[in-house]
Amino acid sequence: MSQPPPPPPPNEPPKEGPGAPQDPPPGGFGAPQDPPPGGFGAPQAPPPGGFGAPQTPPQPPQGPGYGYPQTPPPPAQPGYGHPGQQPAQPGHGYPGQQPAQPGYGYPGQQPAQPGYGYPGQQPAQPYGYGYPQQPPTYPMQPQAAPGGGRRISAQALIIVAAVVAVALIIGGGVWYSSSGGGDGKNNSAGSGGTGGKKDKGGSGAGGTTGSNGGEKVPADTSSKVLFQVPAPSVTASSSVTTVGSWLTDKVYAKSGNAEVVGYDPGSGAKLWTIKLPGPVCSASRHATDAGRTAIVYEPAMPTKSQPSHGCSEVAALDLAAGKELWAKSVKSGDQKISLDNVTVSANTVATGSTSGGAAFDISTGKALWAPKPTDSCYDAGYAGGTKLVAVRKCGAYGSARQLHIQTIDPASGKVISEYKMSPGIEYASVVSTDPLVVAADVGDTAGDGSGISDFFSIDNKTGRLRTRISAPGKTYAAKCDGISKTEACTMLAVGNDRLYIPTEEHDGTGQYSQTNEIVAFDLGTGKQTGQRANAGDGYTISPLRMDGENILAYKRPPYDKGGQIVSIDGTTFKETKLLENPATRSVRDAETSMLPDYAEILYGDGRLYMSAVYAHKPTSSDEKEYLAIVFGTR
């Protein structure tokens, strides 16, 4: 976890250490803040000479250390507060009973953007923010072959990507102003986006990858760019979050600037547009089998005099029909509540904040139940998918807090089981709801901003702690943001009653090369299984999601190759390549501007969807920016 995340938007509070955010007063957090100019992972201006011009080959290193990643942080200190087992609690919310007793923890301020993450085997989820402009159609341009030179680091590639155009991309097809999405499956977490229906399966001539995996091996794994998505138009003084994407067998959907747009998954042709009165603040990481999901958005567009109207509106979307099913607000007295997060489980939409929340029927919008915030407890957020889990924070404002991890009935809000985390654990992220796995930075010991020092494997039925897994930031590279993004975990997956996480990068066998591995932990014993998937020299590998019993993973490429999607057999850990992107420099630079630790990466049916999570106004008239790139083997 030594790879630093992209810099936070202005005014976003630090997540740990001195100056860490404290609980806001009742009334909820404010609206998302702007990212730094350019956003995270946003591609920049085209290369000298324009599109299609020959590219300058990368130069060899000029001295010791060139191309090496930054020095990792010092080892994390031992965690504390090993939680004990706790009995389940009575009913939850409306018409539930009183919350559990107080404990430790301070909620942070509202992060600048909603969380993203690619849940393994979970249905896809939406994200978004703002109105994109209607795109013109551009012809694709041929690319020059990659130059020579030695490998440079991932950080250097990102810098290069900020200078080299995303627009120079090979592929048959056209460019559309659209957004990228992804797919997910039930019972696991993953990296970088939202999901779709649980019926995704690859096609091609190679057969399945084994162990009941649905994605198939194509006859030719070489991919091409199917289409790319220009960034939405924004004003000179602002930037917008563009988190959120879904993939089903029929549509690839992505939030834009106060709209959500659906595209044909293969061609990028626009299928439908859902207009919204204001920007999307957060979105569910999950959708029903019928392709229904939920978002939270502002009731009006921001202005200079009023940069935020509050994230007060929650709505259900039908991704198959391309329409908004209903929109509601949640009130505390006469005031609308600003909502921090939203999720979907079964047919229930659950949304929460420090000031309250509610649950609705996803089809009709009928109110089902509501959490009961008191002077001592409130539901900080929810995680959905196969089961519904609440992270409930108890303790008077300004005093010690304690987190209660509650599995609840989606229809009634009744608490099925509860696990009380030990005092001193301020934030927690739900990695998976079934099996239940929670990540936390115990005592701020991760030391690297990853939000993870330990994983907690919890029995959904009893609330009993099965095991606790230590994951020091100096050793492992997954990432979570549990301040108010309850489900925002990336670069990890859960399935086969195991947790799959990547190691940090270390020296490879080649000069200046780096590499890493994916390892597995048993969720019953907390011990490593001995399984290990090597990235290969020069590559860095991270899990995306589960595919049946297999693990789908993305390989970030070295300087002279394209990235790969591989399937790792859940039993043998044998790797099978499903897709390899072009090694053309301009394509590679565009790809490496959207890496798993800060972008949405989704894969399904032989196609890879990579999308940025911010958009801003270009700094020059020559600068082209793109929201998504879609690769495919057919």
# chains A, B, ... in the order shown; residues from 1 in each chain; ligands from 1

$ closest_atom_pairs --of "region 517-546 of chain A" --to "region 485-499 of chain A" --cutoff "6 Å" --atoms "only C-alpha atoms" --output "tab-separated table"
residue	atom	partner	partner_atom	distance
A:Ala520	CA	A:Leu499	CA	5.6
A:Phe521	CA	A:Leu499	CA	5.1
A:Asp522	CA	A:Arg498	CA	4.7
A:Leu523	CA	A:Arg498	CA	5.2
A:Ser542	CA	A:Met491	CA	5.2
A:Pro543	CA	A:Leu492	CA	5.1
A:Arg545	CA	A:Ala493	CA	5.4

$ select_by_dssp --residues "region 324-433 of chain A" --states "strand (DSSP E or B)" --output "number ranges by chain"
A: 324-329, 331-332, 335-336, 341-345, 348-353, 356-361, 367-369, 377-383, 385, 388-394, 402-408, 415-420, 428-433

$ residues_around --residues "region 265-268 of chain A" --least-positions-apart "2" --cutoff "6 Å" --atoms "only C-alpha atoms" --output "number ranges by chain"
A: 251-252, 263

$ write_last_selection --atoms "all heavy atoms" --output "mmCIF file, in the first residue's frame"
data_model
loop_
_atom_site.group_PDB
_atom_site.id
_atom_site.type_symbol
_atom_site.label_atom_id
_atom_site.label_comp_id
_atom_site.auth_asym_id
_atom_site.auth_seq_id
_atom_site.Cartn_x
_atom_site.Cartn_y
_atom_site.Cartn_z
ATOM 1 N N VAL A 251 -26.331 -2.867 -21.819
ATOM 2 C CA VAL A 251 -25.983 -1.448 -21.739
ATOM 3 C C VAL A 251 -24.747 -1.235 -20.877
ATOM 4 O O VAL A 251 -24.484 -1.982 -19.933
ATOM 5 C CB VAL A 251 -27.176 -0.627 -21.178
ATOM 6 C CG1 VAL A 251 -27.432 -0.983 -19.720
ATOM 7 C CG2 VAL A 251 -26.951 0.868 -21.339
ATOM 8 N N TYR A 252 -24.004 -0.201 -21.243
ATOM 9 C CA TYR A 252 -22.879 0.297 -20.472
ATOM 10 C C TYR A 252 -23.243 1.728 -20.102
ATOM 11 O O TYR A 252 -23.409 2.575 -20.974
ATOM 12 C CB TYR A 252 -21.624 0.224 -21.329
ATOM 13 C CG TYR A 252 -20.441 0.978 -20.799
ATOM 14 C CD1 TYR A 252 -19.905 0.681 -19.565
ATOM 15 C CD2 TYR A 252 -19.843 1.973 -21.557
ATOM 16 C CE1 TYR A 252 -18.800 1.367 -19.095
ATOM 17 C CE2 TYR A 252 -18.735 2.661 -21.101
ATOM 18 C CZ TYR A 252 -18.221 2.357 -19.863
ATOM 19 O OH TYR A 252 -17.128 3.044 -19.400
ATOM 20 N N TYR A 263 -24.970 3.382 -23.115
ATOM 21 C CA TYR A 263 -24.329 3.145 -24.402
ATOM 22 C C TYR A 263 -24.354 1.665 -24.744
ATOM 23 O O TYR A 263 -24.399 0.801 -23.860
ATOM 24 C CB TYR A 263 -22.867 3.615 -24.381
ATOM 25 C CG TYR A 263 -22.724 5.070 -24.049
ATOM 26 C CD1 TYR A 263 -22.576 5.470 -22.725
ATOM 27 C CD2 TYR A 263 -22.752 6.040 -25.039
ATOM 28 C CE1 TYR A 263 -22.457 6.807 -22.399
ATOM 29 C CE2 TYR A 263 -22.628 7.378 -24.727
ATOM 30 C CZ TYR A 263 -22.481 7.756 -23.410
ATOM 31 O OH TYR A 263 -22.370 9.083 -23.086
#

$ closest_residue --among "A:Thr273, A:Thr242, A:Thr348, A:Gln335" --to "Leu627 (chain A)" --atoms "only C-alpha atoms"
A:Thr242

$ closest_residue --among "A:Lys577, A:Lys323, A:Arg392, A:Arg466" --to "Lys527 (chain A)" --atoms "only C-alpha atoms"
A:Arg466

$ atom_distance --atom1 "CA of Pro277 (chain A)" --atom2 "CA of Ala599 (chain A)"
25.6 Å

$ closest_residue --among "A:Met421, A:Val566, A:Leu602, A:Val519" --to "Thr475 (chain A)" --atoms "only C-alpha atoms"
A:Val519

$ closest_residue --among "A:Gln528, A:Ser223, A:Gly536, A:Gln228" --to "Gly510 (chain A)" --atoms "only C-alpha atoms"
A:Gly536

$ closest_residue --among "A:Thr515, A:Gly449, A:Val229, A:Ser222" --to "Ala590 (chain A)" --atoms "only C-alpha atoms"
A:Val229

$ residues_around --residues "Ile452 (chain A)" --least-positions-apart "4" --cutoff "10 Å" --atoms "only C-alpha atoms" --output "PyMOL selection string"
chain A and resi 1+427-429+438-442+444-448+470-473+476-482+489

$ residues_around --residues "Gly357 (chain A)" --least-positions-apart "5" --cutoff "7 Å" --atoms "only C-alpha atoms" --output "ChimeraX atom specification"
/A:330,351-352,370-371

$ select_by_dssp --residues "region 419-588 of chain A" --states "alpha helix (DSSP H)" --output "PyMOL selection string"
chain A and resi 585-588

$ closest_residue --among "A:Ile405, A:Ala359, A:Val260, A:Ala294" --to "Ile458 (chain A)" --atoms "only C-alpha atoms"
A:Ile405
